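*Asks:* Got a file for you: run_11.cif, mmCIF, C-alpha atoms.
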```
data_run
#
loop_
_atom_site.label_atom_id
_atom_site.label_comp_id
_atom_site.auth_asym_id
_atom_site.auth_seq_id
_atom_site.Cartn_x
_atom_site.Cartn_y
_atom_site.Cartn_z
CA MET A 1 89.67 -30.76 -25.13
CA SER A 2 90.19 -33.89 -23.07
CA LEU A 3 88.95 -33.93 -19.50
CA SER A 4 90.97 -35.58 -16.77
CA PHE A 5 88.20 -37.48 -15.00
CA PRO A 6 88.27 -41.10 -16.25
CA LEU A 7 84.59 -41.25 -17.20
CA TYR A 8 85.11 -38.60 -19.85
CA LEU A 9 85.75 -39.00 -23.52
CA ASN A 10 86.49 -36.17 -25.90
CA PRO A 11 84.43 -33.98 -26.04
CA SER A 12 81.95 -35.45 -23.56
CA PHE A 13 81.52 -38.64 -21.61
CA SER A 14 79.32 -41.70 -21.64
CA ILE A 15 77.38 -43.03 -18.68
CA ARG A 16 78.67 -46.13 -16.99
CA LYS A 17 76.24 -48.62 -15.62
CA SER A 18 76.68 -50.22 -12.25
CA GLY A 19 79.57 -52.64 -12.24
CA GLU A 20 81.26 -51.27 -15.38
CA GLY A 21 84.84 -50.40 -14.52
CA GLY A 22 86.21 -48.47 -11.54
CA SER A 23 85.28 -49.00 -7.93
CA SER A 24 82.53 -47.12 -6.14
CA SER A 25 85.01 -46.12 -3.46
CA SER A 26 87.35 -44.44 -5.95
CA ARG A 27 84.43 -42.60 -7.53
CA ALA A 28 83.23 -41.47 -4.12
CA GLY A 29 86.72 -40.25 -3.32
CA SER A 30 86.75 -38.15 -6.47
CA MET A 31 83.36 -36.68 -5.60
CA LYS A 32 84.58 -35.58 -2.19
CA GLU A 33 87.48 -33.61 -3.59
CA ALA A 34 86.45 -29.98 -3.30
CA SER A 35 87.85 -27.84 -6.06
CA ALA A 36 87.39 -24.18 -6.88
CA VAL A 37 85.34 -23.70 -10.02
CA CYS A 38 86.32 -21.15 -12.65
CA TYR A 39 83.51 -20.14 -14.98
CA LYS A 40 85.88 -18.25 -17.27
CA LYS A 41 86.55 -21.42 -19.25
CA PHE A 42 82.79 -21.78 -19.83
CA ILE A 43 82.67 -18.30 -21.33
CA ASP A 44 85.83 -18.81 -23.39
CA PHE A 45 84.48 -22.07 -24.82
CA ALA A 46 81.12 -20.52 -25.71
CA LEU A 47 82.62 -17.52 -27.49
CA GLU A 48 85.15 -19.57 -29.45
CA GLU A 49 82.53 -22.15 -30.42
CA THR A 50 80.12 -19.40 -31.50
CA LYS A 51 82.75 -17.92 -33.80
CA VAL A 52 83.02 -21.29 -35.56
CA HIS A 53 79.32 -21.15 -36.44
CA THR A 54 78.60 -17.47 -37.10
CA HIS A 55 80.05 -13.99 -37.26
CA LEU A 56 80.13 -12.53 -33.76
CA ALA A 57 80.18 -8.75 -33.36
CA THR A 58 80.45 -6.67 -30.20
CA SER A 59 77.09 -5.34 -29.05
CA PRO A 60 76.56 -1.59 -28.53
CA LEU A 61 75.71 -2.52 -24.92
CA GLN A 62 79.36 -3.39 -24.27
CA LYS A 63 80.40 0.24 -24.07
CA LYS A 64 78.12 0.87 -21.09
CA PHE A 65 78.06 -2.54 -19.44
CA ASN A 66 81.53 -4.01 -19.00
CA SER A 67 82.91 -4.23 -15.46
CA LEU A 68 82.37 -2.81 -12.01
CA MET A 69 83.09 -3.47 -8.36
CA SER A 70 80.50 -4.06 -5.67
CA MET A 71 79.72 -1.36 -3.15
CA ASP A 72 82.03 -2.97 -0.59
CA ALA A 73 84.82 -3.34 -3.19
CA ARG A 74 85.08 -7.08 -2.46
CA THR A 75 83.29 -8.49 -5.50
CA GLU A 76 83.97 -7.96 -9.20
CA LEU A 77 81.27 -8.06 -11.87
CA GLN A 78 82.27 -8.64 -15.52
CA MET A 79 79.87 -8.22 -18.43
CA LEU A 80 80.21 -9.14 -22.11
CA SER A 81 77.72 -8.70 -24.95
CA PHE A 82 77.64 -9.61 -28.64
CA GLU A 83 75.28 -9.93 -31.58
CA ALA A 84 75.18 -12.09 -34.72
CA PRO A 85 73.06 -12.47 -37.88
CA LYS A 86 70.50 -14.69 -36.11
CA VAL A 87 71.24 -13.51 -32.56
CA ARG A 88 69.68 -10.40 -31.09
CA LEU A 89 71.88 -10.56 -28.00
CA LEU A 90 74.48 -12.91 -26.57
CA ARG A 91 75.44 -11.69 -23.13
CA CYS A 92 77.04 -12.93 -19.96
CA LEU A 93 77.53 -11.69 -16.43
CA SER A 94 80.19 -13.28 -14.27
CA ILE A 95 80.61 -12.44 -10.60
CA GLU A 96 83.63 -13.35 -8.51
CA GLY A 97 83.82 -12.60 -4.80
CA ASN A 98 86.82 -12.87 -2.51
CA ASP A 99 84.81 -15.25 -0.31
CA GLY A 100 84.76 -17.93 -3.02
CA MET A 101 81.40 -16.93 -4.48
CA GLN A 102 81.16 -17.45 -8.24
CA VAL A 103 78.20 -16.65 -10.50
CA LEU A 104 77.68 -17.16 -14.21
CA ASP A 105 74.61 -15.86 -16.03
CA PHE A 106 75.00 -16.65 -19.74
CA ALA A 107 72.18 -16.33 -22.27
CA VAL A 108 71.60 -16.09 -26.00
CA PHE A 109 68.43 -14.43 -27.34
CA PRO A 110 67.49 -15.01 -31.01
CA LYS A 111 66.17 -12.32 -33.29
CA PRO A 112 62.34 -12.33 -33.61
CA GLU A 113 62.66 -13.61 -37.17
CA PHE A 114 63.69 -16.96 -35.67
CA ASP A 115 61.68 -19.06 -33.22
CA LEU A 116 64.80 -20.58 -31.68
CA PRO A 117 64.89 -21.50 -27.99
CA ILE A 118 66.76 -19.17 -25.64
CA PHE A 119 70.03 -20.62 -24.40
CA CYS A 120 70.20 -20.19 -20.62
CA ALA A 121 72.98 -21.03 -18.16
CA ASN A 122 72.61 -19.80 -14.57
CA PHE A 123 75.26 -21.12 -12.17
CA PHE A 124 75.78 -20.06 -8.55
CA THR A 125 78.64 -21.30 -6.37
CA ALA A 126 79.25 -20.33 -2.75
CA ALA A 127 81.40 -22.22 -0.24
CA SER A 128 80.32 -25.86 -0.68
CA THR A 129 76.97 -25.19 -2.37
CA ASN A 130 76.21 -25.08 -6.10
CA ILE A 131 72.88 -24.22 -7.73
CA VAL A 132 72.53 -24.80 -11.47
CA VAL A 133 69.99 -24.17 -14.22
CA LEU A 134 71.02 -25.11 -17.76
CA ASP A 135 68.47 -25.23 -20.54
CA LEU A 136 67.36 -24.34 -24.01
CA ASN A 137 64.40 -22.32 -22.73
CA PRO A 138 61.47 -22.73 -25.12
CA LEU A 139 60.33 -19.55 -26.83
CA HIS A 140 56.84 -21.07 -27.00
CA ALA A 141 55.63 -23.24 -24.11
CA VAL A 142 56.20 -26.93 -24.87
CA THR A 143 53.28 -27.86 -22.61
CA ASP A 144 50.99 -26.05 -25.08
CA ARG A 145 52.81 -26.46 -28.39
CA ASP A 146 53.57 -30.06 -29.35
CA ASP A 147 54.81 -28.87 -32.73
CA TYR A 148 57.43 -26.69 -31.08
CA LYS A 149 58.54 -29.52 -28.80
CA GLU A 150 58.86 -31.88 -31.75
CA LYS A 151 60.79 -29.32 -33.78
CA TYR A 152 63.45 -28.46 -31.22
CA TYR A 153 63.51 -31.02 -28.39
CA ARG A 154 62.50 -34.49 -29.53
CA HIS A 155 65.98 -35.34 -30.86
CA LEU A 156 67.63 -33.84 -27.77
CA ILE A 157 65.79 -36.01 -25.22
CA PRO A 158 68.66 -38.58 -25.02
CA LEU A 159 71.08 -35.75 -24.22
CA GLY A 160 68.81 -34.52 -21.45
CA LEU A 161 68.39 -38.03 -20.03
CA LYS A 162 72.15 -38.55 -19.85
CA TYR A 163 72.68 -35.48 -17.71
CA ALA A 164 69.49 -36.02 -15.70
CA GLU A 165 71.15 -39.20 -14.40
CA LEU A 166 74.42 -37.44 -13.59
CA LEU A 167 72.90 -34.23 -12.22
CA PRO A 168 69.67 -35.16 -10.37
CA TRP A 169 66.62 -32.92 -10.11
CA GLY A 170 67.26 -30.11 -7.65
CA GLY A 171 63.97 -30.19 -5.77
CA LYS A 172 61.01 -27.86 -5.57
CA ILE A 173 60.29 -25.59 -8.52
CA THR A 174 57.14 -23.53 -8.94
CA SER A 175 54.66 -24.29 -11.69
CA GLU A 176 54.94 -20.68 -12.90
CA SER A 177 58.69 -21.04 -13.47
CA LEU A 178 58.28 -24.46 -15.04
CA ARG A 179 56.46 -23.08 -18.07
CA PHE A 180 59.70 -21.42 -19.18
CA PHE A 181 61.70 -24.67 -19.05
CA SER A 182 62.09 -27.46 -21.60
CA PRO A 183 61.99 -31.25 -21.13
CA ILE A 184 65.81 -31.31 -21.17
CA VAL A 185 66.33 -28.70 -18.45
CA ILE A 186 69.09 -29.35 -15.93
CA TRP A 187 67.96 -28.01 -12.56
CA THR A 188 70.26 -29.31 -9.86
CA LYS A 189 72.10 -28.65 -6.62
CA PHE A 190 75.34 -30.31 -5.57
CA SER A 191 78.22 -30.05 -3.14
CA SER A 192 81.48 -28.71 -4.53
CA SER A 193 83.72 -31.35 -6.12
CA GLN A 194 85.90 -31.63 -9.19
CA TYR A 195 83.72 -34.48 -10.43
CA TYR A 196 80.58 -32.35 -10.54
CA TYR A 197 82.39 -29.36 -12.02
CA ASP A 198 83.65 -31.57 -14.84
CA VAL A 199 80.14 -32.97 -15.39
CA LEU A 200 78.75 -29.44 -15.48
CA PHE A 201 81.36 -28.23 -17.96
CA SER A 202 80.65 -31.21 -20.22
CA ALA A 203 76.90 -30.53 -20.02
CA PHE A 204 77.42 -26.85 -20.80
CA LYS A 205 79.51 -27.70 -23.86
CA ASP A 206 77.05 -30.32 -25.15
CA TYR A 207 74.01 -28.11 -24.61
CA TYR A 208 75.62 -25.09 -26.20
CA LYS A 209 76.81 -27.05 -29.23
CA ALA A 210 73.27 -28.41 -29.59
CA TRP A 211 71.91 -24.86 -29.54
CA LEU A 212 74.44 -23.68 -32.11
CA GLU A 213 73.43 -26.52 -34.43
CA LEU A 214 69.80 -25.46 -34.12
CA MET A 215 70.83 -21.90 -34.90
CA GLU A 216 72.71 -22.98 -38.01
CA GLN A 217 69.69 -24.91 -39.29
CA ALA A 218 67.17 -22.15 -38.50
CA THR A 219 65.55 -20.38 -41.42
CA GLU A 220 64.33 -16.82 -41.29
CA GLU A 221 60.58 -16.41 -40.82
CA ILE A 222 58.85 -14.26 -43.44
CA ASP A 223 55.30 -14.49 -42.10
CA THR A 224 54.69 -11.22 -40.26
CA SER A 225 52.25 -12.80 -37.82
CA GLU A 226 54.84 -15.42 -36.82
CA ILE A 227 57.50 -12.76 -36.29
CA VAL A 228 55.09 -10.78 -34.10
CA SER A 229 54.32 -13.96 -32.14
CA ASN A 230 58.02 -14.68 -31.63
CA ARG A 231 58.69 -11.11 -30.51
CA GLU A 232 55.86 -11.16 -27.99
CA ALA A 233 56.90 -14.58 -26.67
CA GLN A 234 60.44 -13.33 -26.05
CA HIS A 235 59.13 -10.12 -24.49
CA ARG A 236 56.93 -12.15 -22.14
CA TYR A 237 59.93 -14.29 -21.16
CA LEU A 238 62.04 -11.21 -20.50
CA MET A 239 59.33 -9.54 -18.43
CA TRP A 240 59.08 -12.64 -16.25
CA ARG A 241 62.82 -12.91 -15.76
CA ALA A 242 63.29 -9.19 -15.11
CA GLU A 243 60.65 -9.30 -12.37
CA LYS A 244 60.88 -12.76 -10.82
CA ASP A 245 64.40 -14.09 -11.38
CA PRO A 246 65.67 -15.32 -7.96
CA GLY A 247 69.16 -13.85 -8.48
CA HIS A 248 67.93 -10.28 -8.26
CA ARG A 249 68.40 -9.97 -4.52
CA LEU A 250 72.09 -10.82 -4.80
CA LEU A 251 72.61 -8.20 -7.48
CA ARG A 252 70.83 -5.55 -5.46
CA ARG A 253 72.92 -6.37 -2.42
CA LEU A 254 76.12 -6.04 -4.42
CA VAL A 255 75.53 -2.82 -6.36
CA GLY A 256 72.45 -1.16 -4.88
CA GLU A 257 68.84 -0.90 -5.99
CA ALA A 258 69.20 1.67 -8.79
CA LEU A 259 72.20 0.13 -10.55
CA ALA A 260 70.85 -3.40 -10.13
CA GLU A 261 67.60 -2.36 -11.80
CA GLU A 262 69.50 -0.82 -14.72
CA ILE A 263 71.61 -3.95 -15.20
CA LEU A 264 68.53 -6.16 -15.02
CA ARG A 265 66.36 -4.25 -17.48
CA SER A 266 68.96 -2.83 -19.87
CA PHE A 267 71.57 -5.60 -19.94
CA LEU A 268 70.60 -9.01 -18.52
CA PHE A 269 67.06 -8.85 -19.85
CA ASN A 270 67.53 -6.26 -22.52
CA GLY A 271 64.39 -6.12 -24.65
CA VAL A 272 61.80 -5.46 -21.94
CA GLN A 273 61.48 -1.94 -23.32
CA GLU A 274 62.50 -2.56 -26.93
CA LEU A 275 60.46 -5.64 -27.91
CA GLY A 276 57.01 -4.63 -26.67
CA SER A 277 54.87 -2.27 -24.66
CA LYS A 278 52.96 -4.78 -22.53
CA THR A 279 53.58 -4.75 -18.79
CA PHE A 280 54.30 -7.66 -16.48
CA LEU A 281 50.69 -7.60 -15.29
CA ASP A 282 49.42 -7.67 -18.87
CA TYR A 283 51.14 -11.03 -19.28
CA PHE A 284 50.64 -12.30 -15.74
CA PRO A 285 47.44 -10.69 -14.33
CA GLU A 286 47.28 -13.28 -11.53
CA TYR A 287 50.12 -11.37 -9.85
CA ARG A 288 48.10 -8.18 -9.46
CA SER A 289 47.73 -7.30 -5.77
CA ASP A 290 44.71 -5.58 -4.26
CA SER A 291 46.54 -2.27 -4.55
CA GLY A 292 47.20 -2.82 -8.26
CA THR A 293 50.93 -3.47 -7.82
CA ILE A 294 52.87 -6.66 -8.58
CA ASN A 295 52.63 -9.31 -5.87
CA GLU A 296 56.14 -10.21 -4.69
CA LYS A 297 55.33 -13.90 -4.24
CA ARG A 298 57.20 -16.33 -6.47
CA SER A 299 54.09 -18.44 -6.96
CA MET A 300 50.43 -17.45 -6.99
CA ILE A 301 49.18 -20.97 -7.73
CA GLY A 302 51.00 -22.28 -4.68
CA LYS A 303 52.07 -25.43 -6.47
CA SER A 304 55.63 -26.71 -6.61
CA PHE A 305 57.13 -29.84 -8.18
CA GLU A 306 59.70 -31.80 -6.19
CA ASN A 307 60.39 -34.40 -8.92
CA ARG A 308 61.25 -34.08 -12.59
CA PRO A 309 57.89 -33.49 -14.32
CA TRP A 310 58.76 -35.09 -17.69
CA ASP A 311 59.00 -38.75 -18.60
CA THR A 312 61.81 -40.38 -20.58
CA GLU A 313 60.14 -39.40 -23.85
CA GLY A 314 59.80 -35.74 -22.92
CA ASN A 315 56.08 -35.86 -22.13
CA PHE A 316 54.93 -33.50 -19.40
CA LEU A 317 53.68 -35.32 -16.31
CA GLY A 318 53.06 -32.30 -14.13
CA ASN A 319 49.38 -32.92 -13.65
CA SER A 320 49.95 -36.46 -12.38
CA LEU A 321 53.01 -35.91 -10.17
CA ARG A 322 52.87 -35.38 -6.46
CA TRP A 323 53.16 -31.69 -5.71
CA ILE A 324 53.73 -29.64 -2.57
CA MET A 325 52.96 -26.12 -1.51
CA ALA A 326 55.42 -23.67 -3.00
CA VAL A 327 57.70 -21.65 -0.75
CA ASN A 328 57.44 -17.98 -1.67
#
```
Let me see the file written as structure tokens.

*Replies:*
Amino acid sequence: MSLSFPLYLNPSFSIRKSGEGGSSSSRAGSMKEASAVCYKKFIDFALEETKVHTHLATSPLQKKFNSLMSMDARTELQMLSFEAPKVRLLRCLSIEGNDGMQVLDFAVFPKPEFDLPIFCANFFTAASTNIVVLDLNPLHAVTDRDDYKEKYYRHLIPLGLKYAELLPWGGKITSESLRFFSPIVIWTKFSSSQYYYDVLFSAFKDYYKAWLELMEQATEEIDTSEIVSNREAQHRYLMWRAEKDPGHRLLRRLVGEALAEEILRSFLFNGVQELGSKTFLDYFPEYRSDSGTINEKRSMIGKSFENRPWDTEGNFLGNSLRWIMAVN
């Protein structure tokens, strides 16, 4: 598919250096053009591209989780879920409000027999504000496992650098959240414009095609201890997201506490009950409050990074970067 913005090639675009073609004023004009984003084309692309690489079957979750309206009948929530030979769950939640709010939460979780990263796309659009996280979330922390980083991310660093230039770092992020991100993570905020929506769509396509290629190359693990390790790593990830994901408050406001909790634990982060028996506090004991409950703070360390904490070779620089107190 060809994209209309002149920087783009098919299927993605190259980065122009200063002075290469086009005036800065024309580019600025394009950036100022506000345009409504439609995340449906992101979903359509992902599903069609997945079918090229593997057999996609409807998940049993689809019967229960499909569509519903918010309590005030002003916002529609659409849910899709699938599975594949190497995929435990491919699922997406899209939210469309009559006030222009758009949300896409798209993720692909591998089966425990594969140590693949978790594909993650979380996009939020409201009025003129856009908040984006796009990543191949590492199943095993890349700050601790150099072998895992080399296996899945080393060859993708140029891809990450290209979009890091086009979609700058979005500001403060807690050190606790950072451990679930890879060196190629796109964490950004931008004002609504057709230029940025086209950049985001191109990034989504490139990142998803990269993940699908990794999936195709992945071989099934036969070592029981490795499978157990993969299962626990994914369960830990799911427990964190089910408890601390920042989008939870929006979901609860739209559909109420009880239904939001069911969607979170049984659909969005399905596996918190199926993949293991450990609790959130078993994995993250630092969040235990004096009363024995889970502390609601986003960060217990109180450390937040305001700049991208990886260098151009994908090496983690978190310990040497300037940090600020996290906002909880």

*Asks:* Using the chain letters and numbers from the file, give me the residues hit by the PyMOL selection byres ((chain A and resi 113) around 6), as a list in words.

*Replies:*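 That expression, the PyMOL selection byres ((chain A and resi 113) around 6), corresponds here to Lys111, Pro112, Phe114, Glu220, Glu221 and Ile227 of chain A.
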
*Asks:* What does the distance from atom CA of Leu61 of chain A to atom CA of Lys209 of chain A come to in Å, to one decimal?

*Replies:* 24.9 Å

*Asks:* Of the candidates A:Lys189, A:Arg74, A:Arg91, A:His235, which one gets nearest to Lys278 of chain A if we count only C-alpha atoms?

*Replies:* A:His235

*Asks:* Out of A:Arg249, A:Glu243, A:Ile131, A:Lys64, which residue has the shortest atom-to-atom distance to Ser192 of chain A when counting all atoms listed in the file?

*Replies:*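 Checking each of A:Arg249, A:Glu243, A:Ile131, A:Lys64 against Ser192 of chain A, counting all atoms listed in the file, the winner is A:Ile131.
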
*Asks:* Can you pull out the residues contacting Asp99 of chain A? Cut-off 9 Å, using only C-alpha atoms, and skip same-chain residues under 5 positions away; I want them as a list of chain:residue names.

*Replies:* A:Arg74, A:Thr75, A:Ala126, A:Ala127

*Asks:* Around all the atoms of segment 305-311 of chain A listed in the file, with 8 Å of room on each side, what axis-aligned box do you get, giving centre and edge lengths in Å to one decimal, as AutoDock Vina command-line options?

*Replies:*
```
--center_x 59.2 --center_y -34.3 --center_z -12.4 --size_x 20.1 --size_y 24.9 --size_z 28.4
```

*Asks:* Just the number, please: distance in Å from atom CA of Ile95 of chain A to atom CA of Met79 of chain A, one decimal.

*Replies:*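 Here the two named atoms are 8.9 Å from each other.
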
*Asks:* What would the selection look like, as a list in words, if the PyMOL selection byres ((chain A and resi 71) around 10) were run on the coordinates I just shared?

*Replies:*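 Taken over the shown coordinates, the PyMOL selection byres ((chain A and resi 71) around 10) returns Leu68, Met69, Ser70, Asp72, Ala73, Arg74, Thr75, Glu76, Arg253, Leu254, Val255 and Gly256 of chain A.
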
*Asks:* Check what the PyMOL selection byres ((chain A and resi 102) around 12) selects in the file above and give those residues as a PyMOL selection string.

*Replies:* chain A and resi 36-40+75-78+93-101+103-105+122-132+192+250

*Asks:* I'd like the interatomic distance between atom CA of Trp310 of chain A and atom CA of Asp245 of chain A, to a tenth of an Å.

*Replies:* 22.6 Å

*Asks:* Return segment 181-195 of chain A, completed with N, CA, C and O atoms, as a PDB file, in the frame of the given file.

*Replies:*
```pdb
ATOM      1  N   PHE A 181      60.669 -23.645 -18.921  1.00  0.00           N
ATOM      2  CA  PHE A 181      61.700 -24.670 -19.050  1.00  0.00           C
ATOM      3  C   PHE A 181      61.303 -25.715 -20.084  1.00  0.00           C
ATOM      4  O   PHE A 181      60.130 -25.910 -20.374  1.00  0.00           O
ATOM      5  N   SER A 182      62.326 -26.411 -20.596  1.00  0.00           N
ATOM      6  CA  SER A 182      62.090 -27.460 -21.600  1.00  0.00           C
ATOM      7  C   SER A 182      62.204 -28.827 -20.948  1.00  0.00           C
ATOM      8  O   SER A 182      62.655 -28.957 -19.803  1.00  0.00           O
ATOM      9  N   PRO A 183      61.856 -29.898 -21.680  1.00  0.00           N
ATOM     10  CA  PRO A 183      61.990 -31.250 -21.130  1.00  0.00           C
ATOM     11  C   PRO A 183      63.434 -31.672 -20.869  1.00  0.00           C
ATOM     12  O   PRO A 183      63.662 -32.670 -20.186  1.00  0.00           O
ATOM     13  N   ILE A 184      64.413 -30.933 -21.387  1.00  0.00           N
ATOM     14  CA  ILE A 184      65.810 -31.310 -21.170  1.00  0.00           C
ATOM     15  C   ILE A 184      66.494 -30.418 -20.142  1.00  0.00           C
ATOM     16  O   ILE A 184      67.724 -30.463 -19.987  1.00  0.00           O
ATOM     17  N   VAL A 185      65.736 -29.630 -19.415  1.00  0.00           N
ATOM     18  CA  VAL A 185      66.330 -28.700 -18.450  1.00  0.00           C
ATOM     19  C   VAL A 185      67.147 -29.450 -17.393  1.00  0.00           C
ATOM     20  O   VAL A 185      66.766 -30.526 -16.924  1.00  0.00           O
ATOM     21  N   ILE A 186      68.293 -28.894 -17.058  1.00  0.00           N
ATOM     22  CA  ILE A 186      69.090 -29.350 -15.930  1.00  0.00           C
ATOM     23  C   ILE A 186      68.868 -28.366 -14.790  1.00  0.00           C
ATOM     24  O   ILE A 186      69.280 -27.208 -14.877  1.00  0.00           O
ATOM     25  N   TRP A 187      68.177 -28.818 -13.766  1.00  0.00           N
ATOM     26  CA  TRP A 187      67.960 -28.010 -12.560  1.00  0.00           C
ATOM     27  C   TRP A 187      68.486 -28.863 -11.410  1.00  0.00           C
ATOM     28  O   TRP A 187      67.930 -29.906 -11.089  1.00  0.00           O
ATOM     29  N   THR A 188      69.602 -28.441 -10.825  1.00  0.00           N
ATOM     30  CA  THR A 188      70.260 -29.310  -9.860  1.00  0.00           C
ATOM     31  C   THR A 188      70.992 -28.522  -8.795  1.00  0.00           C
ATOM     32  O   THR A 188      71.281 -27.326  -8.971  1.00  0.00           O
ATOM     33  N   LYS A 189      71.277 -29.188  -7.698  1.00  0.00           N
ATOM     34  CA  LYS A 189      72.100 -28.650  -6.620  1.00  0.00           C
ATOM     35  C   LYS A 189      73.114 -29.726  -6.244  1.00  0.00           C
ATOM     36  O   LYS A 189      72.774 -30.914  -6.199  1.00  0.00           O
ATOM     37  N   PHE A 190      74.341 -29.320  -5.964  1.00  0.00           N
ATOM     38  CA  PHE A 190      75.340 -30.310  -5.570  1.00  0.00           C
ATOM     39  C   PHE A 190      76.422 -29.669  -4.710  1.00  0.00           C
ATOM     40  O   PHE A 190      76.624 -28.451  -4.755  1.00  0.00           O
ATOM     41  N   SER A 191      77.086 -30.494  -3.944  1.00  0.00           N
ATOM     42  CA  SER A 191      78.220 -30.050  -3.140  1.00  0.00           C
ATOM     43  C   SER A 191      79.444 -29.908  -4.038  1.00  0.00           C
ATOM     44  O   SER A 191      79.598 -30.633  -5.026  1.00  0.00           O
ATOM     45  N   SER A 192      80.315 -28.986  -3.690  1.00  0.00           N
ATOM     46  CA  SER A 192      81.480 -28.710  -4.530  1.00  0.00           C
ATOM     47  C   SER A 192      82.399 -29.919  -4.630  1.00  0.00           C
ATOM     48  O   SER A 192      82.764 -30.520  -3.623  1.00  0.00           O
ATOM     49  N   SER A 193      82.743 -30.288  -5.863  1.00  0.00           N
ATOM     50  CA  SER A 193      83.720 -31.350  -6.120  1.00  0.00           C
ATOM     51  C   SER A 193      84.164 -31.243  -7.560  1.00  0.00           C
ATOM     52  O   SER A 193      83.429 -30.759  -8.422  1.00  0.00           O
ATOM     53  N   GLN A 194      85.392 -31.683  -7.824  1.00  0.00           N
ATOM     54  CA  GLN A 194      85.900 -31.630  -9.190  1.00  0.00           C
ATOM     55  C   GLN A 194      85.076 -32.500 -10.117  1.00  0.00           C
ATOM     56  O   GLN A 194      84.868 -32.160 -11.289  1.00  0.00           O
ATOM     57  N   TYR A 195      84.563 -33.600  -9.615  1.00  0.00           N
ATOM     58  CA  TYR A 195      83.720 -34.480 -10.430  1.00  0.00           C
ATOM     59  C   TYR A 195      82.507 -33.719 -10.977  1.00  0.00           C
ATOM     60  O   TYR A 195      82.237 -33.739 -12.182  1.00  0.00           O
TER      61      TYR A 195
END
```
